[in-house]
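Participant: Next up, data-v3.txt (compact mmCIF, C-alpha atoms).
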# COMPACT_ATOMS: atom_id res chain seq x y z
CA MET Y 1 36.01 100.80 -109.43
CA LYS Y 2 36.55 104.53 -109.14
CA GLN Y 3 37.11 106.51 -105.98
CA ALA Y 4 33.58 107.93 -106.01
CA ASP Y 5 32.05 104.45 -106.31
CA PHE Y 6 34.20 103.23 -103.48
CA VAL Y 7 33.26 106.14 -101.23
CA SER Y 8 29.56 105.64 -101.86
CA LEU Y 9 29.97 101.93 -101.11
CA VAL Y 10 31.86 102.52 -97.88
CA MET Y 11 29.92 105.58 -96.71
CA PRO Y 12 26.99 103.74 -95.06
CA PHE Y 13 29.11 101.65 -92.73
CA LYS Y 14 32.32 103.55 -92.11
CA ASP Y 15 30.87 105.03 -88.93
CA LYS Y 16 29.91 101.57 -87.74
CA VAL Y 17 33.46 100.40 -88.31
CA PHE Y 18 34.72 103.37 -86.36
CA ARG Y 19 32.32 102.82 -83.45
CA LEU Y 20 33.20 99.15 -83.18
CA ALA Y 21 36.90 100.03 -83.24
CA LYS Y 22 36.36 102.65 -80.58
CA ARG Y 23 34.38 100.23 -78.44
CA LEU Y 24 37.29 97.80 -78.49
CA LEU Y 25 40.27 100.13 -78.49
CA VAL Y 26 38.69 102.81 -76.26
CA SER Y 27 40.96 105.62 -77.43
CA ARG Y 28 39.54 107.81 -80.18
CA GLU Y 29 42.89 108.17 -81.96
CA GLU Y 30 43.47 104.44 -81.98
CA ALA Y 31 39.99 103.90 -83.37
CA GLU Y 32 40.55 106.48 -86.10
CA ASP Y 33 43.80 104.81 -87.09
CA ALA Y 34 42.11 101.43 -87.14
CA THR Y 35 39.24 102.71 -89.29
CA GLN Y 36 41.65 104.27 -91.75
CA GLU Y 37 43.59 101.03 -91.88
CA ILE Y 38 40.45 99.03 -92.60
CA LEU Y 39 39.27 101.42 -95.31
CA LEU Y 40 42.68 101.44 -96.96
CA LYS Y 41 42.75 97.67 -96.93
CA LEU Y 42 39.38 97.63 -98.66
CA TRP Y 43 40.56 100.23 -101.16
CA ASN Y 44 43.69 98.28 -101.99
CA ASN Y 45 41.62 95.18 -102.63
CA LYS Y 46 38.96 97.03 -104.56
CA GLU Y 47 39.23 94.68 -107.52
CA LYS Y 48 38.05 91.83 -105.35
CA ILE Y 49 35.31 93.79 -103.60
CA SER Y 50 32.62 92.72 -106.06
CA GLU Y 51 33.28 89.10 -105.14
CA TYR Y 52 32.29 89.65 -101.53
CA LYS Y 53 28.66 88.88 -100.86
CA ASN Y 54 28.27 91.39 -98.08
CA VAL Y 55 30.94 94.07 -97.93
CA GLU Y 56 29.56 95.54 -94.73
CA ALA Y 57 29.62 92.27 -92.81
CA PHE Y 58 33.05 91.53 -94.23
CA SER Y 59 34.35 94.91 -93.09
CA MET Y 60 32.94 94.45 -89.61
CA THR Y 61 34.67 91.08 -89.33
CA MET Y 62 37.88 92.69 -90.52
CA THR Y 63 37.51 95.45 -87.95
CA LYS Y 64 36.91 92.98 -85.15
CA ASN Y 65 39.97 90.93 -86.08
CA PHE Y 66 42.16 93.98 -86.60
CA CYS Y 67 41.22 95.48 -83.23
CA LEU Y 68 41.72 92.23 -81.36
CA ASP Y 69 45.15 91.93 -82.94
CA ARG Y 70 45.93 95.50 -81.93
CA LEU Y 71 44.90 94.77 -78.36
CA LYS Y 72 47.01 91.65 -78.23
CA SER Y 73 50.13 93.42 -79.49
CA LYS Y 74 49.48 96.36 -77.19
CA GLN Y 75 49.19 94.17 -74.15
CA ALA Y 76 52.45 92.52 -75.05
CA GLN Y 77 54.18 95.88 -75.48
CA ASN Y 78 52.91 98.03 -72.70
CA LEU Y 79 52.86 97.84 -68.98
CA LYS Y 80 49.28 98.06 -67.83
CA ILE Y 81 48.59 100.45 -65.04
CA VAL Y 82 45.48 99.37 -63.20
CA HIS Y 83 44.61 100.44 -59.73
CA SER Y 84 43.24 97.24 -58.39
CA ASN Y 85 45.39 96.38 -55.42
CA TYR Y 86 44.56 99.21 -53.08
CA THR Y 87 41.53 101.25 -52.06
CA ASP Y 88 41.40 104.96 -52.43
CA ASN Y 89 39.92 107.14 -49.70
CA ASN Y 90 38.46 109.48 -52.26
CA ALA Y 91 36.69 106.68 -54.10
CA SER Y 92 33.31 107.44 -52.60
CA LEU Y 93 33.44 111.08 -53.65
CA GLN Y 94 34.53 110.11 -57.12
CA LYS Y 95 31.75 107.58 -57.35
CA GLN Y 96 29.21 110.18 -56.39
CA VAL Y 97 30.37 112.43 -59.16
CA GLU Y 98 30.27 109.57 -61.62
CA ALA Y 99 26.83 108.46 -60.53
CA ARG Y 100 25.50 111.77 -61.72
CA ASP Y 101 27.07 111.18 -65.07
CA SER Y 102 25.23 107.91 -65.52
CA MET Y 103 25.70 107.71 -69.27
CA GLY Y 104 29.42 107.82 -68.77
CA TRP Y 105 28.85 104.96 -66.40
CA VAL Y 106 27.25 102.86 -69.09
CA ALA Y 107 30.29 103.42 -71.24
CA ARG Y 108 32.56 102.44 -68.40
CA ILE Y 109 30.57 99.34 -67.58
CA MET Y 110 30.76 98.30 -71.19
CA GLU Y 111 34.52 98.76 -71.11
CA GLU Y 112 34.71 96.19 -68.37
CA LEU Y 113 32.90 93.51 -70.35
CA PRO Y 114 34.87 90.70 -71.98
CA GLU Y 115 35.78 91.54 -75.58
CA GLN Y 116 33.41 89.03 -77.10
CA GLN Y 117 30.44 90.45 -75.19
CA LYS Y 118 31.54 93.99 -75.93
CA ILE Y 119 31.47 93.26 -79.65
CA ILE Y 120 28.07 91.61 -79.46
CA VAL Y 121 26.47 94.40 -77.44
CA GLN Y 122 27.97 96.94 -79.82
CA LEU Y 123 26.64 95.15 -82.88
CA ARG Y 124 23.22 94.42 -81.45
CA ASP Y 125 22.23 97.26 -79.15
CA ILE Y 126 24.03 100.10 -80.82
CA GLU Y 127 24.28 99.13 -84.48
CA GLN Y 128 21.05 97.07 -84.40
CA TYR Y 129 22.13 94.23 -86.62
CA ASP Y 130 19.92 91.16 -86.53
CA TYR Y 131 21.20 87.91 -85.12
CA ALA Y 132 21.83 86.29 -88.48
CA GLU Y 133 24.12 89.15 -89.53
CA ILE Y 134 26.02 89.12 -86.24
CA ALA Y 135 26.43 85.38 -86.53
CA LYS Y 136 27.97 85.83 -89.95
CA MET Y 137 30.28 88.61 -88.83
CA LEU Y 138 31.59 86.78 -85.80
CA ASP Y 139 31.48 83.29 -87.29
CA MET Y 140 29.41 82.01 -84.38
CA ASN Y 141 25.98 80.41 -84.21
CA GLU Y 142 22.96 82.45 -83.14
CA THR Y 143 22.39 80.60 -79.91
CA ALA Y 144 25.89 81.33 -78.71
CA ILE Y 145 25.37 84.97 -79.55
CA ARG Y 146 22.10 85.11 -77.62
CA VAL Y 147 23.74 83.50 -74.60
CA ASN Y 148 26.64 85.95 -74.69
CA LEU Y 149 24.30 88.87 -75.22
CA SER Y 150 22.05 88.00 -72.32
CA ARG Y 151 25.07 87.57 -70.06
CA ALA Y 152 26.38 90.94 -71.11
CA ARG Y 153 23.00 92.61 -70.61
CA LYS Y 154 22.67 91.07 -67.17
CA THR Y 155 26.11 92.30 -66.15
CA ILE Y 156 25.34 95.78 -67.39
CA ARG Y 157 21.97 95.83 -65.64
CA GLU Y 158 23.39 94.63 -62.33
CA LYS Y 159 26.20 97.15 -62.33
CA LEU Y 160 23.87 99.89 -63.42
CA THR Y 161 21.39 99.04 -60.64
CA ASN Y 162 24.22 99.15 -58.13
CA THR Y 163 25.44 102.54 -59.27
CA HIS Y 164 21.95 103.87 -59.52
CA SER Y 165 20.98 102.88 -55.99
CA TYR Y 166 24.37 104.03 -54.70
CA GLY Y 167 23.32 107.64 -54.49
CA ILE Y 168 19.99 106.79 -52.89
CA LYS Y 169 20.96 104.32 -50.20
CA MET G 1 -0.98 98.31 -69.23
CA VAL G 2 1.91 99.97 -71.01
CA LEU G 3 4.11 99.46 -68.00
CA ASN G 4 3.17 95.82 -67.88
CA SER G 5 4.20 95.19 -71.47
CA ILE G 6 7.41 97.16 -70.97
CA GLU G 7 8.30 95.00 -68.00
CA LYS G 8 7.69 91.90 -70.03
CA LEU G 9 9.78 93.27 -72.85
CA LEU G 10 12.60 94.04 -70.43
CA GLU G 11 12.54 90.51 -69.19
CA LYS G 12 12.76 89.25 -72.74
CA TYR G 13 15.44 91.83 -73.44
CA ASN G 14 17.57 90.58 -70.58
CA SER G 15 17.47 87.03 -71.83
CA ALA G 16 18.26 88.29 -75.35
CA GLU G 17 14.99 87.17 -76.89
CA THR G 18 13.68 90.50 -78.12
CA THR G 19 13.45 91.30 -81.78
CA LEU G 20 14.85 94.50 -83.22
CA LYS G 21 11.34 95.95 -83.30
CA GLU G 22 10.74 95.26 -79.63
CA GLU G 23 14.07 96.80 -78.77
CA GLU G 24 13.03 99.84 -80.73
CA GLN G 25 9.89 100.02 -78.57
CA LEU G 26 11.96 99.86 -75.41
CA ARG G 27 14.27 102.58 -76.66
CA ALA G 28 11.32 104.81 -77.47
CA TYR G 29 9.80 104.23 -74.03
CA PHE G 30 12.98 105.11 -72.15
CA GLU G 31 13.55 108.19 -74.22
CA SER G 32 10.15 109.53 -73.25
CA ASP G 33 9.70 111.48 -70.04
CA ASN G 34 7.25 109.25 -68.19
CA VAL G 35 9.49 106.37 -67.18
CA ALA G 36 8.30 104.42 -64.15
CA PRO G 37 10.51 105.18 -61.11
CA HIS G 38 11.49 101.57 -60.50
CA LEU G 39 12.76 101.30 -64.09
CA GLU G 40 14.65 104.58 -63.91
CA HIS G 41 18.04 102.83 -63.83
CA TYR G 42 17.47 101.49 -67.34
CA ARG G 43 17.11 104.95 -68.72
CA PRO G 44 20.83 105.85 -69.09
CA LEU G 45 21.43 102.51 -70.76
CA PHE G 46 19.04 103.08 -73.64
CA GLN G 47 19.91 106.73 -73.87
CA TYR G 48 23.53 105.77 -74.13
CA PHE G 49 22.73 103.34 -76.94
CA SER G 50 20.99 106.07 -78.93
CA ILE G 51 23.80 108.53 -78.41
CA ALA G 52 26.56 106.05 -79.13
CA GLN G 53 24.84 105.34 -82.42
CA GLN G 54 25.37 108.90 -83.57
CA GLU G 55 29.12 109.02 -83.23
CA GLN G 56 30.75 109.58 -86.60
CA TYR G 57 34.04 109.01 -88.24
CA THR G 58 35.09 112.41 -89.51
CA LYS G 59 38.65 111.92 -90.59
CA ASP G 60 39.49 111.83 -94.27
CA VAL G 61 41.07 108.73 -95.64
CA PRO G 62 43.79 109.40 -98.19
CA LEU G 63 42.75 107.14 -101.04
CA LYS G 64 45.71 107.27 -103.34
CA PRO G 65 45.78 105.30 -106.55
CA LYS G 66 47.93 102.25 -106.28
CA ARG G 67 50.52 103.15 -108.91
CA THR G 68 52.37 105.51 -106.52
CA LEU G 69 53.85 102.37 -105.09
CA MET G 70 55.28 101.48 -108.49
CA TYR G 71 56.80 104.94 -108.94
CA GLN G 72 58.68 104.50 -105.72
CA TRP G 73 60.35 101.40 -107.04
CA ILE G 74 61.23 102.88 -110.42
CA SER G 75 63.92 105.07 -108.87
CA VAL G 76 65.36 102.06 -107.10
CA ALA G 77 65.41 100.12 -110.35
CA ALA G 78 67.14 103.00 -112.15
CA VAL G 79 69.87 103.18 -109.54
CA THR G 80 70.35 99.41 -109.69
CA VAL G 81 70.72 99.47 -113.44
CA LEU G 82 73.25 102.30 -113.18
CA MET G 83 75.28 100.44 -110.57
CA LEU G 84 75.23 97.28 -112.67
CA GLY G 85 76.47 99.31 -115.59
CA PHE G 86 79.53 100.24 -113.58
CA ALA G 87 80.03 96.97 -111.80
CA VAL G 88 79.62 94.38 -114.56
CA PRO G 89 82.47 95.49 -116.88
CA GLN G 90 84.77 95.74 -113.87
CA PHE G 91 84.03 92.26 -112.66
CA PHE G 92 83.95 90.45 -115.96
CA GLY G 93 86.70 92.34 -117.86
CA PRO G 94 86.72 92.71 -121.66
CA THR G 95 84.53 90.34 -123.63
CA ALA G 96 85.81 87.92 -126.32
CA GLU G 97 84.81 90.34 -129.06
CA GLU G 98 86.76 93.13 -127.40
CA LYS G 99 89.80 90.87 -127.00
CA ARG G 100 89.68 89.99 -130.67
CA GLN G 101 89.48 93.65 -131.59
CA GLN G 102 92.42 94.47 -129.35
CA GLU G 103 94.53 91.74 -130.95
CA GLU G 104 93.63 92.98 -134.39
CA ALA G 105 94.60 96.50 -133.43
CA LEU G 106 97.96 95.24 -132.14
CA LEU G 107 98.54 93.36 -135.37
CA VAL G 108 97.80 96.41 -137.45
CA TYR G 109 100.05 98.47 -135.22
CA ASN G 110 102.92 96.05 -135.61
CA GLN G 111 102.47 95.94 -139.38
CA THR G 112 102.47 99.69 -139.54
CA MET G 113 105.59 99.86 -137.42
CA GLU G 114 107.35 97.44 -139.75
CA ALA G 115 106.38 99.46 -142.77
CA PHE G 116 107.67 102.60 -141.08
CA LYS G 117 110.94 100.80 -140.26
CA LEU G 118 111.36 99.87 -143.92
CA VAL G 119 110.77 103.44 -144.95
CA SER G 120 113.28 104.72 -142.42
CA LEU G 121 115.80 102.15 -143.64
CA GLY G 122 115.40 103.48 -147.19
CA MET G 123 115.77 106.98 -145.83
CA ASN G 124 119.03 106.06 -144.12
CA GLU G 125 120.38 104.59 -147.34
CA GLY G 126 119.45 107.73 -149.19
CA LYS G 127 121.16 109.73 -146.50
CA GLN G 128 124.39 107.75 -146.97
CA GLN G 129 124.26 108.39 -150.68
CA LEU G 130 123.76 112.02 -149.89
CA ASN G 131 126.92 111.87 -147.79
CA SER G 132 128.95 110.63 -150.70
CA LEU G 133 127.44 113.40 -152.81
CA ALA G 134 128.54 115.88 -150.16
CA MET G 135 132.03 114.40 -150.40
CA VAL G 136 131.96 114.88 -154.12
CA SER G 137 130.93 118.48 -153.69
CA ASP G 138 133.72 118.88 -151.15
CA ASN G 139 136.23 117.65 -153.66
CA LEU G 140 134.68 119.89 -156.22
CA ASN G 141 135.12 122.85 -153.91
CA GLN G 142 138.73 121.90 -153.37
CA GLY G 143 139.17 121.66 -157.12
CA ILE G 144 137.60 125.09 -157.51
CA GLU G 145 139.91 126.50 -154.88
CA GLU G 146 142.89 125.02 -156.58
CA ALA G 147 141.59 126.33 -159.88
CA SER G 148 141.31 129.81 -158.36
CA ARG G 149 144.82 129.42 -157.11
CA LEU G 150 145.80 128.55 -160.71
CA SER G 151 144.03 131.63 -161.99
CA GLU G 152 145.94 133.71 -159.42
CA PHE G 153 149.10 132.13 -160.71
CA SER G 154 148.19 132.96 -164.29
CA LYS G 155 147.45 136.57 -163.22
CA THR G 156 150.91 136.97 -161.78
CA THR G 157 152.54 135.44 -164.84
CA ASN G 158 150.56 137.86 -166.98
CA LYS G 159 151.81 140.71 -164.84
CA ILE G 160 155.34 139.45 -165.23
CA PHE G 161 154.88 139.23 -168.96
CA LYS G 162 153.51 142.72 -169.11
CA ASN G 163 156.43 144.09 -167.16
CA LYS G 164 158.94 142.68 -169.60
Mind turning this structure into structure tokens?
Facilitator:
Amino acid sequence: MKQADFVSLVMPFKDKVFRLAKRLLVSREEAEDATQEILLKLWNNKEKISEYKNVEAFSMTMTKNFCLDRLKSKQAQNLKIVHSNYTDNNASLQKQVEARDSMGWVARIMEELPEQQKIIVQLRDIEQYDYAEIAKMLDMNETAIRVNLSRARKTIREKLTNTHSYGIK
Amino acid sequence: MVLNSIEKLLEKYNSAETTLKEEEQLRAYFESDNVAPHLEHYRPLFQYFSIAQQEQYTKDVPLKPKRTLMYQWISVAAVTVLMLGFAVPQFFGPTAEEKRQQEEALLVYNQTMEAFKLVSLGMNEGKQQLNSLAMVSDNLNQGIEEASRLSEFSKTTNKIFKNK
């Protein structure tokens, strides 16, 4: 397999890999590194690529696993700074500003979801894979995916309703 | 009518029962301008989905051929071979073949030395003979001197005879 063949094979889904990585790792730089890592792994195993039934699904699985590993090692390394144990007086003002930027809010709400749900929402609502494909990528059955997805959608909707009505009430 | 079906779709959407086509319908509805006020809070959600879909990976991936990895190790191998070249003879000393050659060389050397000794012995003998020859010539010289003395003597006798 030559470089041009490889690029044309990878081209259609490299953005999807990147978006999934960014959804999980949040930082753009981290996601870029992860994407590069995934693509290089594929390139180094290019002899075996023809054996894979579905390179795209395989790559998405790889991305998911890679990012979860990254998160695990990061949490072990770094001290997490989360402001959860005190209330800020300026919170209401900040929330007002954020309410205006409601798309940013969706992103933030999605950040708060559990990783599994994050991945499923990303794959379904943003990348628009069908359930069978997602099931293959995540090695889960379709029912479990539907359950997780509906939970995630409910959480997002509730939080979004709260923020939306915040400015009105 | 439209609103009714959208509400139904949303309900299905929330329990994750919509198909991709139905979700497409929802997305199209919320991207349009006439969204019902009580569904307004869904709008950023679907807009966000559409926008998030457009994000692209722009960085270049350096796809180098694999053999660069091999080239890296070739230098290491070369250095190792060089070091072995120095180290092995030092650790293991001369081989059997080399030892044999050294012994042979010593033997030849000794033989040559013996031959030289014989030659020098012959030379010394010759030198002694030369000494005796020198002695002979010494005697000869003495004899010549005495002979010259004799000739002097005969000269004086001749003078004496002439005077008479």
Participant: Would you write out, as a Markdown table, a table of all residues in chain Y that have an atom no more than 9 Å from an atom of chain G, listing for each the closest atom pair and the distance in Å to one decimal, considering all atoms listed in the file and ordering rows by chain and rising residue number?
Facilitator:
| residue | atom | partner | partner_atom | distance |
| --- | --- | --- | --- | --- |
| Y:Gln3 | CA | G:Leu63 | CA | 7.5 |
| Y:Lys14 | CA | G:Tyr57 | CA | 6.9 |
| Y:Asp15 | CA | G:Gln56 | CA | 5.1 |
| Y:Lys16 | CA | G:Gln56 | CA | 8.1 |
| Y:Val17 | CA | G:Tyr57 | CA | 8.6 |
| Y:Phe18 | CA | G:Tyr57 | CA | 6.0 |
| Y:Arg19 | CA | G:Glu55 | CA | 7.0 |
| Y:Glu32 | CA | G:Tyr57 | CA | 7.3 |
| Y:Thr35 | CA | G:Tyr57 | CA | 8.2 |
| Y:Gln36 | CA | G:Val61 | CA | 5.9 |
| Y:Glu37 | CA | G:Val61 | CA | 8.9 |
| Y:Leu39 | CA | G:Val61 | CA | 7.5 |
| Y:Leu40 | CA | G:Leu63 | CA | 7.0 |
| Y:Trp43 | CA | G:Leu63 | CA | 7.2 |
| Y:Asn44 | CA | G:Lys66 | CA | 7.2 |
| Y:Ser102 | CA | G:Pro44 | CA | 6.0 |
| Y:Met103 | CA | G:Pro44 | CA | 5.2 |
| Y:Gly104 | CA | G:Tyr48 | CA | 8.2 |
| Y:Trp105 | CA | G:Pro44 | CA | 8.5 |
| Y:Val106 | CA | G:Leu45 | CA | 6.1 |
| Y:Ala107 | CA | G:Tyr48 | CA | 7.7 |
| Y:Gln122 | CA | G:Phe49 | CA | 8.8 |
| Y:Arg124 | CA | G:Leu20 | CA | 8.6 |
| Y:Asp125 | CA | G:Phe49 | CA | 6.5 |
| Y:Ile126 | CA | G:Phe49 | CA | 5.2 |
| Y:Glu127 | CA | G:Gln53 | CA | 6.6 |
| Y:Gln128 | CA | G:Leu20 | CA | 6.8 |
| Y:Tyr129 | CA | G:Leu20 | CA | 8.0 |
| Y:Asp130 | CA | G:Leu20 | CA | 6.9 |
| Y:Ile145 | CA | G:Ala16 | CA | 8.9 |
| Y:Arg146 | CA | G:Ala16 | CA | 5.5 |
| Y:Val147 | CA | G:Ala16 | CA | 7.3 |
| Y:Asn148 | CA | G:Ala16 | CA | 8.7 |
| Y:Leu149 | CA | G:Ala16 | CA | 6.1 |
| Y:Ser150 | CA | G:Ser15 | CA | 4.7 |
| Y:Arg151 | CA | G:Ser15 | CA | 7.8 |
| Y:Ala152 | CA | G:Asn14 | CA | 8.8 |
| Y:Arg153 | CA | G:Asn14 | CA | 5.8 |
| Y:Lys154 | CA | G:Asn14 | CA | 6.2 |
| Y:Ile156 | CA | G:Leu45 | CA | 8.5 |
| Y:Arg157 | CA | G:Tyr42 | CA | 7.4 |
| Y:Leu160 | CA | G:His41 | CA | 6.5 |
| Y:Thr161 | CA | G:His41 | CA | 6.0 |
| Y:Thr163 | CA | G:His41 | CA | 8.7 |
| Y:His164 | CA | G:His41 | CA | 5.9 |
| Y:Ser165 | CA | G:His41 | CA | 8.4 |
Participant: Residues of the last selection are to be written out with C-alpha atoms, as a compact mmCIF listing (two decimals), in the frame of the given file.
Facilitator:
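What ended up in out.txt:
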# COMPACT_ATOMS: atom_id res chain seq x y z
CA GLN Y 3 37.11 106.51 -105.98
CA LYS Y 14 32.32 103.55 -92.11
CA ASP Y 15 30.87 105.03 -88.93
CA LYS Y 16 29.91 101.57 -87.74
CA VAL Y 17 33.46 100.40 -88.31
CA PHE Y 18 34.72 103.37 -86.36
CA ARG Y 19 32.32 102.82 -83.45
CA GLU Y 32 40.55 106.48 -86.10
CA THR Y 35 39.24 102.71 -89.29
CA GLN Y 36 41.65 104.27 -91.75
CA GLU Y 37 43.59 101.03 -91.88
CA LEU Y 39 39.27 101.42 -95.31
CA LEU Y 40 42.68 101.44 -96.96
CA TRP Y 43 40.56 100.23 -101.16
CA ASN Y 44 43.69 98.28 -101.99
CA SER Y 102 25.23 107.91 -65.52
CA MET Y 103 25.70 107.71 -69.27
CA GLY Y 104 29.42 107.82 -68.77
CA TRP Y 105 28.85 104.96 -66.40
CA VAL Y 106 27.25 102.86 -69.09
CA ALA Y 107 30.29 103.42 -71.24
CA GLN Y 122 27.97 96.94 -79.82
CA ARG Y 124 23.22 94.42 -81.45
CA ASP Y 125 22.23 97.26 -79.15
CA ILE Y 126 24.03 100.10 -80.82
CA GLU Y 127 24.28 99.13 -84.48
CA GLN Y 128 21.05 97.07 -84.40
CA TYR Y 129 22.13 94.23 -86.62
CA ASP Y 130 19.92 91.16 -86.53
CA ILE Y 145 25.37 84.97 -79.55
CA ARG Y 146 22.10 85.11 -77.62
CA VAL Y 147 23.74 83.50 -74.60
CA ASN Y 148 26.64 85.95 -74.69
CA LEU Y 149 24.30 88.87 -75.22
CA SER Y 150 22.05 88.00 -72.32
CA ARG Y 151 25.07 87.57 -70.06
CA ALA Y 152 26.38 90.94 -71.11
CA ARG Y 153 23.00 92.61 -70.61
CA LYS Y 154 22.67 91.07 -67.17
CA ILE Y 156 25.34 95.78 -67.39
CA ARG Y 157 21.97 95.83 -65.64
CA LEU Y 160 23.87 99.89 -63.42
CA THR Y 161 21.39 99.04 -60.64
CA THR Y 163 25.44 102.54 -59.27
CA HIS Y 164 21.95 103.87 -59.52
CA SER Y 165 20.98 102.88 -55.99
Participant: Which value, in Å to one decimal, gives the distance between atom CA of Y:Lys48 and atom CA of Y:Arg23?
Facilitator: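 A separation of 28.4 Å between them.
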Participant: How many Å separate atom CA of Y:Ile109 from atom CA of Y:Thr155?
Facilitator: 8.5 Å
Participant: Can you work out the spacing between atom CA of Y:Ser27 and atom CA of Y:Ile49 in Å, to one decimal?
Facilitator: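 These atoms are spaced 29.3 Å apart.
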